[in-house]
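File shown here: run.cif, holding mmCIF, C-alpha atoms.
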data_target
#
loop_
_atom_site.group_PDB
_atom_site.id
_atom_site.type_symbol
_atom_site.label_atom_id
_atom_site.label_comp_id
_atom_site.auth_asym_id
_atom_site.auth_seq_id
_atom_site.Cartn_x
_atom_site.Cartn_y
_atom_site.Cartn_z
ATOM 1 C CA MET A 1495 1.593 18.990 -9.645
ATOM 2 C CA ILE A 1496 -0.017 17.416 -6.591
ATOM 3 C CA PHE A 1497 1.599 14.294 -5.129
ATOM 4 C CA GLU A 1498 -0.257 12.137 -2.608
ATOM 5 C CA ILE A 1499 0.698 8.960 -0.799
ATOM 6 C CA ASP A 1500 -2.139 7.221 0.999
ATOM 7 C CA ASN A 1501 -3.176 4.125 2.928
ATOM 8 C CA ILE A 1502 0.406 3.078 3.658
ATOM 9 C CA GLU A 1503 0.829 -0.065 5.717
ATOM 10 C CA LEU A 1504 4.386 -1.192 6.361
ATOM 11 C CA TYR A 1505 5.518 -4.176 8.399
ATOM 12 C CA PHE A 1506 9.003 -5.388 9.283
ATOM 13 C CA ALA A 1507 8.545 -9.047 10.136
ATOM 14 C CA GLU A 1508 5.307 -8.887 12.153
ATOM 15 C CA LYS A 1509 5.910 -5.426 13.587
ATOM 16 C CA GLN A 1510 3.782 -2.690 12.067
ATOM 17 C CA ILE A 1511 5.785 0.461 11.315
ATOM 18 C CA LEU A 1512 3.294 2.547 9.321
ATOM 19 C CA ASN A 1513 -0.483 2.306 9.464
ATOM 20 C CA GLY A 1514 -2.830 4.184 7.132
ATOM 21 C CA VAL A 1515 -0.328 6.972 6.487
ATOM 22 C CA TYR A 1516 -1.405 9.874 4.268
ATOM 23 C CA LEU A 1517 0.769 12.730 3.040
ATOM 24 C CA LYS A 1518 0.381 15.358 0.329
ATOM 25 C CA THR A 1519 2.803 17.767 -1.261
ATOM 26 C CA GLU A 1520 2.607 19.949 -4.347
ATOM 27 C CA THR A 1521 4.618 22.156 -6.638
ATOM 28 C CA GLY A 1522 5.399 25.441 -4.932
ATOM 29 C CA LYS A 1523 5.483 23.982 -1.419
ATOM 30 C CA ILE A 1524 8.011 22.454 0.935
ATOM 31 C CA THR A 1525 6.431 19.744 3.060
ATOM 32 C CA GLY A 1526 8.229 18.817 6.266
ATOM 33 C CA ILE A 1527 7.965 15.525 8.157
ATOM 34 C CA LEU A 1528 8.796 15.482 11.846
ATOM 35 C CA GLY A 1529 8.920 12.519 14.188
ATOM 36 C CA ALA A 1530 11.060 10.711 16.727
ATOM 37 C CA ASN A 1531 14.054 8.650 15.615
ATOM 38 C CA GLY A 1532 12.944 5.272 14.316
ATOM 39 C CA CYS A 1533 9.324 6.282 13.725
ATOM 40 C CA GLY A 1534 9.443 5.491 10.006
ATOM 41 C CA LYS A 1535 10.287 8.806 8.299
ATOM 42 C CA SER A 1536 13.008 7.329 6.102
ATOM 43 C CA SER A 1537 10.826 4.332 5.291
ATOM 44 C CA LEU A 1538 8.046 6.665 4.154
ATOM 45 C CA LEU A 1539 10.405 8.510 1.811
ATOM 46 C CA ASN A 1540 11.679 5.206 0.406
ATOM 47 C CA ILE A 1541 8.108 4.094 -0.231
ATOM 48 C CA PHE A 1542 7.337 7.358 -2.019
ATOM 49 C CA PHE A 1543 10.501 6.971 -4.104
ATOM 50 C CA GLY A 1544 9.735 3.330 -4.855
ATOM 51 C CA SER A 1545 12.731 1.535 -3.339
ATOM 52 C CA LEU A 1546 10.677 0.047 -0.484
ATOM 53 C CA GLN A 1547 7.488 -1.915 -1.072
ATOM 54 C CA PRO A 1548 4.979 -1.857 1.798
ATOM 55 C CA ARG A 1549 2.049 -4.213 2.289
ATOM 56 C CA HIS A 1550 -0.359 -1.521 1.058
ATOM 57 C CA LYS A 1551 0.102 1.809 -0.680
ATOM 58 C CA LEU A 1552 -1.622 4.226 -3.021
ATOM 59 C CA ILE A 1553 0.288 6.953 -4.833
ATOM 60 C CA ARG A 1554 -1.512 9.615 -6.854
ATOM 61 C CA ILE A 1555 -0.241 12.468 -9.014
ATOM 62 C CA ASN A 1556 -2.876 15.046 -9.859
ATOM 63 C CA LYS A 1557 -5.491 12.543 -8.606
ATOM 64 C CA LYS A 1558 -4.278 9.813 -11.004
ATOM 65 C CA PRO A 1559 -3.007 6.562 -9.434
ATOM 66 C CA TYR A 1560 0.567 5.518 -10.275
ATOM 67 C CA LEU A 1561 1.119 1.806 -9.827
ATOM 68 C CA LYS A 1562 4.806 1.488 -10.666
ATOM 69 C CA PRO A 1563 7.592 2.845 -8.405
ATOM 70 C CA LEU A 1564 7.861 6.597 -9.017
ATOM 71 C CA PHE A 1565 11.562 6.474 -9.847
ATOM 72 C CA LYS A 1566 10.688 4.455 -12.965
ATOM 73 C CA TYR A 1567 8.796 7.473 -14.316
ATOM 74 C CA GLY A 1568 11.824 9.746 -13.910
ATOM 75 C CA ILE A 1569 9.892 12.331 -11.928
ATOM 76 C CA VAL A 1570 11.409 11.894 -8.473
ATOM 77 C CA THR A 1571 14.848 12.085 -6.900
ATOM 78 C CA TYR A 1572 15.843 10.997 -3.406
ATOM 79 C CA LEU A 1573 18.600 12.151 -1.075
ATOM 80 C CA PRO A 1574 19.294 9.270 1.340
ATOM 81 C CA GLN A 1575 21.078 9.693 4.638
ATOM 82 C CA GLN A 1576 24.144 7.887 3.292
ATOM 83 C CA ASN A 1577 26.339 9.269 0.502
ATOM 84 C CA PHE A 1578 25.346 8.202 -3.006
ATOM 85 C CA ILE A 1579 28.224 9.637 -5.066
ATOM 86 C CA PRO A 1580 31.085 7.105 -5.291
ATOM 87 C CA PRO A 1581 34.040 8.160 -3.105
ATOM 88 C CA LYS A 1582 36.541 7.784 -5.970
ATOM 89 C CA MET A 1583 34.582 10.129 -8.261
ATOM 90 C CA ASN A 1584 35.760 13.734 -8.496
ATOM 91 C CA LEU A 1585 33.534 16.797 -8.318
ATOM 92 C CA LYS A 1586 33.663 17.561 -12.038
ATOM 93 C CA SER A 1587 32.748 13.999 -13.036
ATOM 94 C CA ALA A 1588 29.881 13.891 -10.533
ATOM 95 C CA PHE A 1589 28.254 16.965 -12.040
ATOM 96 C CA GLN A 1590 28.725 15.532 -15.535
ATOM 97 C CA LEU A 1591 27.201 12.216 -14.486
ATOM 98 C CA PHE A 1592 24.064 13.826 -13.068
ATOM 99 C CA LYS A 1593 23.911 16.497 -15.806
ATOM 100 C CA ILE A 1594 24.098 19.433 -13.408
ATOM 101 C CA ASN A 1595 25.717 22.755 -14.316
ATOM 102 C CA LEU A 1596 29.030 22.896 -12.456
ATOM 103 C CA LYS A 1597 29.644 26.568 -13.317
ATOM 104 C CA GLU A 1598 26.447 27.608 -11.556
ATOM 105 C CA PHE A 1599 27.442 25.595 -8.499
ATOM 106 C CA LEU A 1600 30.899 27.186 -8.400
ATOM 107 C CA TYR A 1601 29.312 30.629 -8.728
ATOM 108 C CA ASP A 1602 27.220 29.970 -5.602
ATOM 109 C CA PHE A 1603 30.015 28.100 -3.801
ATOM 110 C CA PRO A 1604 33.309 29.566 -5.106
ATOM 111 C CA GLU A 1605 35.331 27.851 -2.384
ATOM 112 C CA PHE A 1606 35.105 24.632 -4.455
ATOM 113 C CA LYS A 1607 36.812 26.099 -7.554
ATOM 114 C CA ALA A 1608 40.294 25.028 -6.543
ATOM 115 C CA GLY A 1609 39.154 21.494 -5.773
ATOM 116 C CA LYS A 1610 36.850 20.623 -8.651
ATOM 117 C CA ASN A 1611 39.154 17.704 -9.515
ATOM 118 C CA ASN A 1612 39.201 16.426 -5.938
ATOM 119 C CA ARG A 1613 37.659 13.029 -5.283
ATOM 120 C CA MET A 1614 34.624 12.834 -3.010
ATOM 121 C CA ARG A 1615 36.610 10.996 -0.351
ATOM 122 C CA GLU A 1616 38.985 13.969 -0.130
ATOM 123 C CA LEU A 1617 36.178 16.331 0.864
ATOM 124 C CA SER A 1618 34.724 16.809 4.328
ATOM 125 C CA GLY A 1619 31.438 15.149 5.252
ATOM 126 C CA GLY A 1620 29.685 18.516 5.132
ATOM 127 C CA GLN A 1621 31.070 19.319 1.684
ATOM 128 C CA ARG A 1622 29.969 15.958 0.290
ATOM 129 C CA ARG A 1623 26.521 16.445 1.775
ATOM 130 C CA LEU A 1624 26.228 19.906 0.285
ATOM 131 C CA ILE A 1625 27.158 18.645 -3.190
ATOM 132 C CA GLU A 1626 24.645 15.807 -3.053
ATOM 133 C CA ILE A 1627 21.849 18.105 -1.856
ATOM 134 C CA TYR A 1628 22.639 20.565 -4.639
ATOM 135 C CA ILE A 1629 22.602 17.807 -7.268
ATOM 136 C CA CYS A 1630 19.235 16.490 -6.056
ATOM 137 C CA LEU A 1631 17.621 19.920 -5.923
ATOM 138 C CA ASN A 1632 18.826 20.882 -9.385
ATOM 139 C CA SER A 1633 17.803 17.651 -11.072
ATOM 140 C CA ASN A 1634 14.960 17.538 -13.580
ATOM 141 C CA ALA A 1635 12.730 15.741 -11.085
ATOM 142 C CA LYS A 1636 9.415 17.326 -10.147
ATOM 143 C CA LEU A 1637 9.370 15.687 -6.709
ATOM 144 C CA ILE A 1638 12.405 15.993 -4.418
ATOM 145 C CA LEU A 1639 12.752 13.828 -1.296
ATOM 146 C CA LEU A 1640 15.403 14.958 1.183
ATOM 147 C CA ASP A 1641 16.258 12.734 4.156
ATOM 148 C CA GLU A 1642 18.204 14.603 6.855
ATOM 149 C CA PRO A 1643 19.563 17.264 4.446
ATOM 150 C CA PHE A 1644 20.862 19.569 7.180
ATOM 151 C CA SER A 1645 22.935 16.948 8.991
ATOM 152 C CA HIS A 1646 26.704 17.562 8.850
ATOM 153 C CA LEU A 1647 26.273 20.988 7.205
ATOM 154 C CA SER A 1648 27.977 24.079 8.605
ATOM 155 C CA PRO A 1649 25.640 26.928 9.651
ATOM 156 C CA LEU A 1650 26.655 28.873 6.538
ATOM 157 C CA TYR A 1651 25.765 25.982 4.235
ATOM 158 C CA VAL A 1652 22.478 25.441 6.079
ATOM 159 C CA GLU A 1653 21.412 28.999 5.346
ATOM 160 C CA LYS A 1654 22.462 28.737 1.691
ATOM 161 C CA ILE A 1655 20.505 25.503 1.265
ATOM 162 C CA LYS A 1656 17.441 27.091 2.866
ATOM 163 C CA LYS A 1657 17.596 29.915 0.321
ATOM 164 C CA LEU A 1658 18.014 27.418 -2.502
ATOM 165 C CA LEU A 1659 14.981 25.468 -1.273
ATOM 166 C CA GLN A 1660 12.824 28.586 -1.358
ATOM 167 C CA LYS A 1661 14.032 29.407 -4.859
ATOM 168 C CA LEU A 1662 13.547 25.967 -6.378
ATOM 169 C CA LYS A 1663 10.204 25.136 -4.754
ATOM 170 C CA LYS A 1664 8.551 27.395 -7.332
ATOM 171 C CA GLU A 1665 8.975 24.626 -9.891
ATOM 172 C CA LYS A 1666 9.174 21.517 -7.705
ATOM 173 C CA ALA A 1667 7.418 19.736 -4.863
ATOM 174 C CA ILE A 1668 9.861 19.133 -2.002
ATOM 175 C CA ILE A 1669 9.591 16.856 1.028
ATOM 176 C CA ILE A 1670 12.161 17.166 3.784
ATOM 177 C CA THR A 1671 12.694 15.423 7.081
ATOM 178 C CA ASP A 1672 15.369 16.166 9.661
ATOM 179 C CA HIS A 1673 15.914 15.715 13.394
ATOM 180 C CA MET A 1674 16.908 19.409 13.488
ATOM 181 C CA TYR A 1675 13.277 20.407 13.781
ATOM 182 C CA ARG A 1676 13.837 24.163 13.814
ATOM 183 C CA HIS A 1677 15.243 24.034 10.292
ATOM 184 C CA ILE A 1678 12.161 22.080 9.191
ATOM 185 C CA LEU A 1679 9.812 24.570 10.838
ATOM 186 C CA GLU A 1680 11.599 27.516 9.253
ATOM 187 C CA SER A 1681 11.752 25.987 5.768
ATOM 188 C CA SER A 1682 8.402 24.223 5.384
ATOM 189 C CA ASP A 1683 5.049 25.451 4.157
ATOM 190 C CA GLU A 1684 3.265 22.431 5.654
ATOM 191 C CA ILE A 1685 4.266 20.069 8.450
ATOM 192 C CA TYR A 1686 3.249 16.481 9.115
ATOM 193 C CA LEU A 1687 4.028 14.719 12.375
ATOM 194 C CA LEU A 1688 4.659 10.990 12.121
ATOM 195 C CA LYS A 1689 3.815 9.313 15.416
ATOM 196 C CA ASN A 1690 2.581 5.841 16.356
ATOM 197 C CA GLY A 1691 2.727 4.832 12.702
ATOM 198 C CA SER A 1692 0.353 7.541 11.449
ATOM 199 C CA THR A 1693 0.637 11.098 10.155
ATOM 200 C CA GLN A 1694 -1.022 14.199 11.508
ATOM 201 C CA LEU A 1695 -1.113 17.497 9.623
ATOM 202 C CA ILE A 1696 0.184 20.193 11.972
ATOM 203 C CA LYS A 1697 -1.702 23.451 11.490
ATOM 204 C CA GLU A 1698 -0.073 25.293 14.400
ATOM 205 C CA GLU A 1699 3.429 24.758 15.772
ATOM 206 C CA LYS A 1700 2.019 24.602 19.311
ATOM 207 C CA ALA A 1701 0.389 21.297 18.342
ATOM 208 C CA LEU A 1702 3.863 19.720 18.342
ATOM 209 C CA GLU A 1703 3.849 20.206 22.104
ATOM 210 C CA ASP A 1704 0.287 18.885 22.408
ATOM 211 C CA TYR A 1705 1.329 15.704 20.589
ATOM 212 C CA GLN A 1706 4.395 15.526 22.878
ATOM 213 C CA TYR A 1707 6.891 15.722 20.043
ATOM 214 C CA LEU A 1708 8.345 18.792 21.759
ATOM 215 C CA ARG A 1709 8.486 19.553 25.442
ATOM 216 C CA ALA A 1710 5.946 21.995 26.798
ATOM 217 C CA GLY A 1711 7.221 25.559 26.514
ATOM 218 C CA THR A 1712 9.554 24.829 23.561
ATOM 219 C CA ILE A 1713 7.565 26.849 21.047
#
Using structure tokens, write down the structure that the file contains.
Amino acid sequence: MIFEIDNIELYFAEKQILNGVYLKTETGKITGILGANGCGKSSLLNIFFGSLQPRHKLIRINKKPYLKPLFKYGIVTYLPQQNFIPPKMNLKSAFQLFKINLKEFLYDFPEFKAGKNNRMRELSGGQRRLIEIYICLNSNAKLILLDEPFSHLSPLYVEKIKKLLQKLKKEKAIIITDHMYRHILESSDEIYLLKNGSTQLIKEEKALEDYQYLRAGTI
């Protein structure tokens, strides 16, 4: 499946945040979005998901326009920066709620076996983040939107999530954004840079220096 978002114009009050933004992702690819803090990356993901309505937008799936918010079609899931699983809910109940196989999770992350009845608030920030990423990636959605997935994760969990991304992209389209740009560069098949309200497809990593997203000599 090919997902496109086009002609995005977003204003907050009279300030323009996004202007004519275009982005494409497709099944079998991880598409990364890079950009400075506050440039509109999270807003773009919310628009794609359907929880934020801009002044103008056009969303297409396999060239066909979709006029309703994508979440209403049940084909997209979104990992926000804030936790979405209630803090009083335990691990077992969370996996039941989202219809995700807990046994498979515990096979990949056996350190959680002893605490499967623990409430979310009893886990560390990194553990909660890991669980929410895993639930999003293993949902039935064909489009996965991940906002800052690597934040708060230990290096070990980062590497495990990277492997999971590569495995699951075979059947899903995945968009990720993170301020830890090296993880985005290592994980993504295509990169867009969001700057001055518009997107630019990055064909070579060196272009990130040319656009002054990275300092000269970083790459």
Requested in this report: Please evaluate the PyMOL selection byres ((chain A and resi 1656-1672) around 6) against the displayed coordinates and give the resulting residues as a list in words.
Outcome: Glu1520, Thr1521, Gly1522, Lys1523, Ile1524, Thr1525, Gly1526, Ile1527, Lys1636, Leu1637, Ile1638, Leu1639, Leu1640, Asp1641, Glu1642, Glu1653, Lys1654, Ile1655, His1673 and Met1674 of chain A
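Among the candidate residues A:Leu1512, A:Leu1585, A:Leu1517, A:Leu1504, the one lying nearest to Glu1684 of chain A is A:Leu1517, with distances computed using only C-alpha atoms.
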Report task. Within 6 Å of segment 1532-1549 of chain A, counting only C-alpha atoms, which residues show up once you throw out same-chain ones fewer than 6 positions away? Write them as a ChimeraX atom specification, please. Result -> /A:1503-1504,1563-1565
Requested in this report: Could you tell me which residues the PyMOL selection byres ((chain A and resi 1584) around 9) grabs in this file, written as a list of chain:residue names?
Outcome: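 When the PyMOL selection byres ((chain A and resi 1584) around 9) is applied, the selected residues are A:Pro1580, A:Pro1581, A:Lys1582, A:Met1583, A:Leu1585, A:Lys1586, A:Ser1587, A:Ala1588, A:Phe1589, A:Gly1609, A:Lys1610, A:Asn1611, A:Asn1612, A:Arg1613, A:Met1614, A:Arg1615, A:Glu1616.
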Query raised in the report: Mind telling me what the PyMOL selection byres ((chain A and resi 1515) around 8) catches here, as a PyMOL selection string?
Result: chain A and resi 1499-1503+1512-1514+1516-1517+1691-1693
Could the residues in this selection be written to a file with C-alpha atoms, as a PDB file, in the coordinates of the input?
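Result file follows (again.pdb):
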ATOM      1  CA  ILE A1499       0.698   8.960  -0.799  1.00  0.00           C
ATOM      2  CA  ASP A1500      -2.139   7.221   0.999  1.00  0.00           C
ATOM      3  CA  ASN A1501      -3.176   4.125   2.928  1.00  0.00           C
ATOM      4  CA  ILE A1502       0.406   3.078   3.658  1.00  0.00           C
ATOM      5  CA  GLU A1503       0.829  -0.065   5.717  1.00  0.00           C
ATOM      6  CA  LEU A1512       3.294   2.547   9.321  1.00  0.00           C
ATOM      7  CA  ASN A1513      -0.483   2.306   9.464  1.00  0.00           C
ATOM      8  CA  GLY A1514      -2.830   4.184   7.132  1.00  0.00           C
ATOM      9  CA  TYR A1516      -1.405   9.874   4.268  1.00  0.00           C
ATOM     10  CA  LEU A1517       0.769  12.730   3.040  1.00  0.00           C
ATOM     11  CA  GLY A1691       2.727   4.832  12.702  1.00  0.00           C
ATOM     12  CA  SER A1692       0.353   7.541  11.449  1.00  0.00           C
ATOM     13  CA  THR A1693       0.637  11.098  10.155  1.00  0.00           C
TER      14      THR A1693
END
Report task. Choose the residue, out of A:Arg1709, A:Val1652, A:Asn1531, A:Leu1647, that has the smallest atom-to-atom separation from Lys1689 of chain A; count all atoms listed in the file. Result ->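 Comparing A:Arg1709, A:Val1652, A:Asn1531, A:Leu1647 against Lys1689 of chain A, the winner is A:Asn1531.
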Requested in this report: Figure out the distance between atom CA of Asn1632 of chain A and atom CA of Glu1498 of chain A, please, to one decimal in Å.
Outcome: 22.1 Å
Query raised in the report: Separation of atom CA of Ala1530 of chain A and atom CA of Asp1704 of chain A, in Å?
Result: 14.7 Å
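Using only C-alpha atoms, the contacts of Gln1706 of chain A at a cut-off of 12 Å, with sequence neighbours closer than 3 positions omitted, comprise Leu1528, Gly1529, Ala1530, Leu1687, Leu1688, Lys1689, Asn1690, Glu1699, Lys1700, Ala1701, Leu1702, Glu1703, Arg1709, Ala1710, Gly1711, Thr1712 and Ile1713 of chain A.
Checking A:Phe1497, A:Tyr1572, A:Tyr1707, A:Tyr1505 one by one against Lys1558 of chain A, counting only C-alpha atoms, you find the shortest gap at A:Phe1497.
Here atom CA of Lys1607 of chain A and atom CA of Phe1578 of chain A stand 21.7 Å from one another.
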Report summary line: Using all atoms listed in the file, the shortest atom-to-atom distance to Leu1695 of chain A among A:Asp1683, A:Glu1598, A:Gln1575, A:Leu1591 belongs to A:Asp1683
Query raised in the report: With all atoms listed in the file as the basis for distance, which of A:Thr1519, A:Ser1682, A:Gln1576, A:Gln1621 is at the shortest distance from Arg1554 of chain A?
Result: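 Counting all atoms listed in the file, the residue closest to Arg1554 of chain A is A:Thr1519.
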